[in-house]
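Heads up: the structure comes next, in structure tokens.
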Amino acid sequence: MKSDLSIEAMSKAMSLRLKRHAAIAGNIANADTPGYRPKQIAFEDSLQRAVLGRSVGNLEKVEGRIFTIDDGTPRPDGNSVNMDKQMANMTENTLLYSATAEFVARKLRMIKSVM
Amino acid sequence: MDFFDALKISASGLAAQRTRLSVLSSNLANANSTRSADGSGPYKRRDPIFQEVKMGSFDNHLDKASKKISAVSVRDIVTDNTPGPRVYDPSHPDADKDGYVSMPNVNLVTELSDIMATSRAYEANVTAMQSAKQMVNAVLQIGKG
Amino acid sequence: MKIGGITSSIGEIAGKVKLSPDLERALKKSAAKESEASSFGDMLLQKIEKVDQLQKTADTAATDVATGKGRDLHEAILAMEMADTSLRLMVTVRNKALEAYQEIMKMPV
């Protein structure tokens, strides 16, 4: 079934976004920790490449890459978390996660409707 | 990394901010305590020290990237030893031989603004938890209808 | 309403909404093929192909949003709805055709 690829891709995207949520939650939890620098998960590029490759095997291999990125100049205690930026990131991530879940739901509903 | 791990991270943030609130409230309540609990002089303000706790240290089923994501915990509550202001008041029971009273090193304005910041940080962690719940709800809609 | 009429109405509605160039191209491609039906069988095949095309378009749009390639949520939802509608239409047509066939078969000769 060709449609397996898109559902697989969307499911994988959701897993990766969940990881991203955890990283952002960690940044928010550590917004006052001295010396803490925010972490982020990157996955869009490798995921898009795997989708173009059209194989489910490639999709499964995609893992998010964690990296550190300052939100701005570090404060005197070494912490560089900007709460507003993190909240914005979290909102975007949650929105895209929910949208993807909705797409999967609609697709399955459509398939079920013709059975 | 699943939802429960993400919730644990936000929960650790809530706990840390709550501890910070307790410490700051205690500072505020003792802003005028010229005698500390052990009698060794005026009250000295205390500060919570936060530290990063990598998820890898309490969960071995995570993948490499997820292990580097951090929760938070309060490592220690340290006493601030900077001396407080000395006020001239010879009639005070705790006045020294020169008539000066050593007041606690608590600055009301600083403590209050820290308390407000703590409150906002607490709310942010609550929002993170609510986002996680939103995502779970979205997933539960799959297959319905 | 004829089969061709309904599917071209879908095309009309799609035409009134502003869509991305990719989506428009995909729809135009499937619409262009419509004019060459020579038999009922051919027309059916064309319609089925169009439904399949809409499915593929919807898949691509949804996957693009999910992987962060495009951010047009409205486009993905629209594409999915069009795919869904055309699929349900095809199923309904099939059911009606089957019903008609069975009616005819029941007739005493």
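Residues in the structure tokens are named by chain (A, B, ... in the order shown) and by number from 1 within that chain; ligands are numbered from 1 in the order shown.
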
Closest atom pairs, chain A residues within 8 Å of chain B, only C-alpha atoms, as a tab-separated table:
residue	atom	partner	partner_atom	distance
A:Leu18	CA	B:Asp2	CA	7.0
A:Lys19	CA	B:Met1	CA	5.9
A:His21	CA	B:Ala6	CA	7.2
A:Ala22	CA	B:Ala6	CA	4.7
A:Ala23	CA	B:Ile69	CA	5.5
A:Ala25	CA	B:Ser10	CA	5.9
A:Gly26	CA	B:Ser70	CA	5.2
A:Asn27	CA	B:Ser70	CA	7.6
A:Ile28	CA	B:Asn125	CA	6.4
A:Ala29	CA	B:Gly13	CA	4.2
A:Asn30	CA	B:Val72	CA	5.7
A:Ala31	CA	B:Ala121	CA	7.7
A:Asp32	CA	B:Phe50	CA	7.1
A:Thr33	CA	B:Phe50	CA	5.0
A:Pro34	CA	B:Phe50	CA	7.0
A:Tyr36	CA	B:Glu52	CA	7.3
A:Lys39	CA	B:Ile69	CA	7.2
A:Gly64	CA	B:Ala65	CA	7.0
A:Arg65	CA	B:Ala65	CA	6.3
A:Ile66	CA	B:Ala65	CA	5.5
A:Met87	CA	B:Ala124	CA	7.7
A:Met90	CA	B:Ala128	CA	7.6
A:Thr91	CA	B:Ser131	CA	7.7
A:Thr94	CA	B:Ser131	CA	6.4
A:Tyr97	CA	B:Met135	CA	6.7
A:Ser98	CA	B:Ala138	CA	5.4
A:Ala101	CA	B:Val139	CA	5.7
A:Glu102	CA	B:Ala138	CA	7.0
A:Val104	CA	B:Ile142	CA	6.8
A:Ala105	CA	B:Ile142	CA	4.3
A:Arg106	CA	B:Ile142	CA	7.9
A:Leu108	CA	B:Gly143	CA	6.7
A:Arg109	CA	B:Gly143	CA	6.7

Taking only residues of region 35-56 of chain A that have an atom at most 12 Å from an atom of region 53-62 of chain C, what is each one's shortest atom pair and its distance in Å to one decimal, using only C-alpha atoms, in chain and number order, as CSV?
residue,atom,partner,partner_atom,distance
A:Gln48,CA,C:Thr60,CA,11.4
A:Val51,CA,C:Thr60,CA,9.8
A:Leu52,CA,C:Thr60,CA,10.5
A:Arg54,CA,C:Thr60,CA,11.7

Just-selected residues, C-alpha atoms written as a short mmCIF file (atom, residue, chain, number, x, y, z; two decimals), in the first residue's frame:
data_model
loop_
_atom_site.label_atom_id
_atom_site.label_comp_id
_atom_site.auth_asym_id
_atom_site.auth_seq_id
_atom_site.Cartn_x
_atom_site.Cartn_y
_atom_site.Cartn_z
CA GLN A 48 12.39 15.35 4.30
CA VAL A 51 10.52 10.96 2.50
CA LEU A 52 12.03 11.77 -0.91
CA ARG A 54 10.46 6.79 -0.71
#

For this session: Could the residues of chain C within 8 Å of chain A, counting only C-alpha atoms, be given as a list in words, please?
Result: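 Written out as asked, the residues are Asp59, Thr60, Ala62, Thr63, Val65, Ala66, Thr67, Gly68, Lys69, Leu73, Ile77, Met80, Asp84, Leu87, Arg88 and Val91 of chain C.
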
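The list of residues with at least one atom within 9 Å of Ser25 (chain B), based on only C-alpha atoms and without residues fewer than 4 positions apart in the same chain, reads B:Arg20, B:Leu21, B:Ala29, B:Asn30, B:Glu111, B:Leu112, B:Ile115.
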
Problem set entry | Computed interatomic separation between CA of Gly57 (chain A) and CA of Gly70 (chain C) (Å) |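 Here the two named atoms are 23.5 Å from each other.
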
Problem set entry | strand (DSSP E or B) per DSSP on the backbone: members of chain A, as a ChimeraX atom specification | /A:39-42,65-68

Got time to write the residues from that selection, N, CA and C atoms, as a compact mmCIF listing (two decimals), in the first residue's frame?
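Below is the file that was written, selection_22.txt:
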# COMPACT_ATOMS: atom_id res chain seq x y z
N LYS A 39 18.64 23.69 24.62
CA LYS A 39 18.87 22.61 23.68
C LYS A 39 17.73 22.59 22.67
N GLN A 40 18.02 22.05 21.49
CA GLN A 40 16.99 21.95 20.45
C GLN A 40 17.22 20.66 19.69
N ILE A 41 16.13 20.13 19.11
CA ILE A 41 16.24 18.90 18.31
C ILE A 41 16.02 19.28 16.85
N ALA A 42 16.91 18.88 15.97
CA ALA A 42 16.75 19.15 14.52
C ALA A 42 16.38 17.85 13.84
N ARG A 65 18.53 15.16 15.90
CA ARG A 65 19.88 15.49 16.34
C ARG A 65 19.78 16.59 17.39
N ILE A 66 20.37 16.35 18.54
CA ILE A 66 20.26 17.36 19.61
C ILE A 66 21.46 18.31 19.53
N PHE A 67 21.19 19.59 19.67
CA PHE A 67 22.30 20.55 19.67
C PHE A 67 21.97 21.70 20.62
N THR A 68 23.01 22.42 21.02
CA THR A 68 22.85 23.52 21.96
C THR A 68 22.82 24.82 21.20

I'd like the neighbourhood of Pro38 (chain A) as a compact mmCIF listing (two decimals) with C-alpha atoms, in the first residue's frame, where a residue qualifies if any of its atoms comes within 8 Å (using only C-alpha atoms), though same-chain residues fewer than 4 positions away should be ignored.
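Below is the file that was written, out32.txt:
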# COMPACT_ATOMS: atom_id res chain seq x y z
CA ILE A 24 11.83 22.68 25.05
CA ASN A 27 14.76 24.53 28.56
CA THR A 68 22.85 23.52 21.96
CA ILE A 69 21.84 26.98 20.88
CA ASP A 70 21.84 30.24 22.86
CA ASP A 71 18.64 32.26 22.73
CA SER A 80 21.02 32.02 28.00
CA VAL A 81 17.40 30.85 27.96

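One distance worth recording is that between CA of Pro83 (chain B) and CA of Asn105 (chain B), which is 6.1 Å.
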
Exercise. Can you list, as a VMD selection string, every protein, DNA or RNA residue that comes within 6 Å of Val101 (chain B) when you count only C-alpha atoms, leaving out same-chain residues fewer than 5 positions away?
Worked result: chain B and resid 86 to 87 95

Exercise. Which residues come within 9 Å of Arg35 (chain B), counting only C-alpha atoms, excluding same-chain residues fewer than 6 positions away, as a VMD selection string?
Worked result: chain B and resid 41 to 43 94 103 to 104

For this session: May I ask for the distance between CA of Asp80 (chain B) and CA of Ser40 (chain B), given in Å to one decimal place?
Result: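 Between CA of Asp80 (chain B) and CA of Ser40 (chain B) the gap is 14.5 Å.
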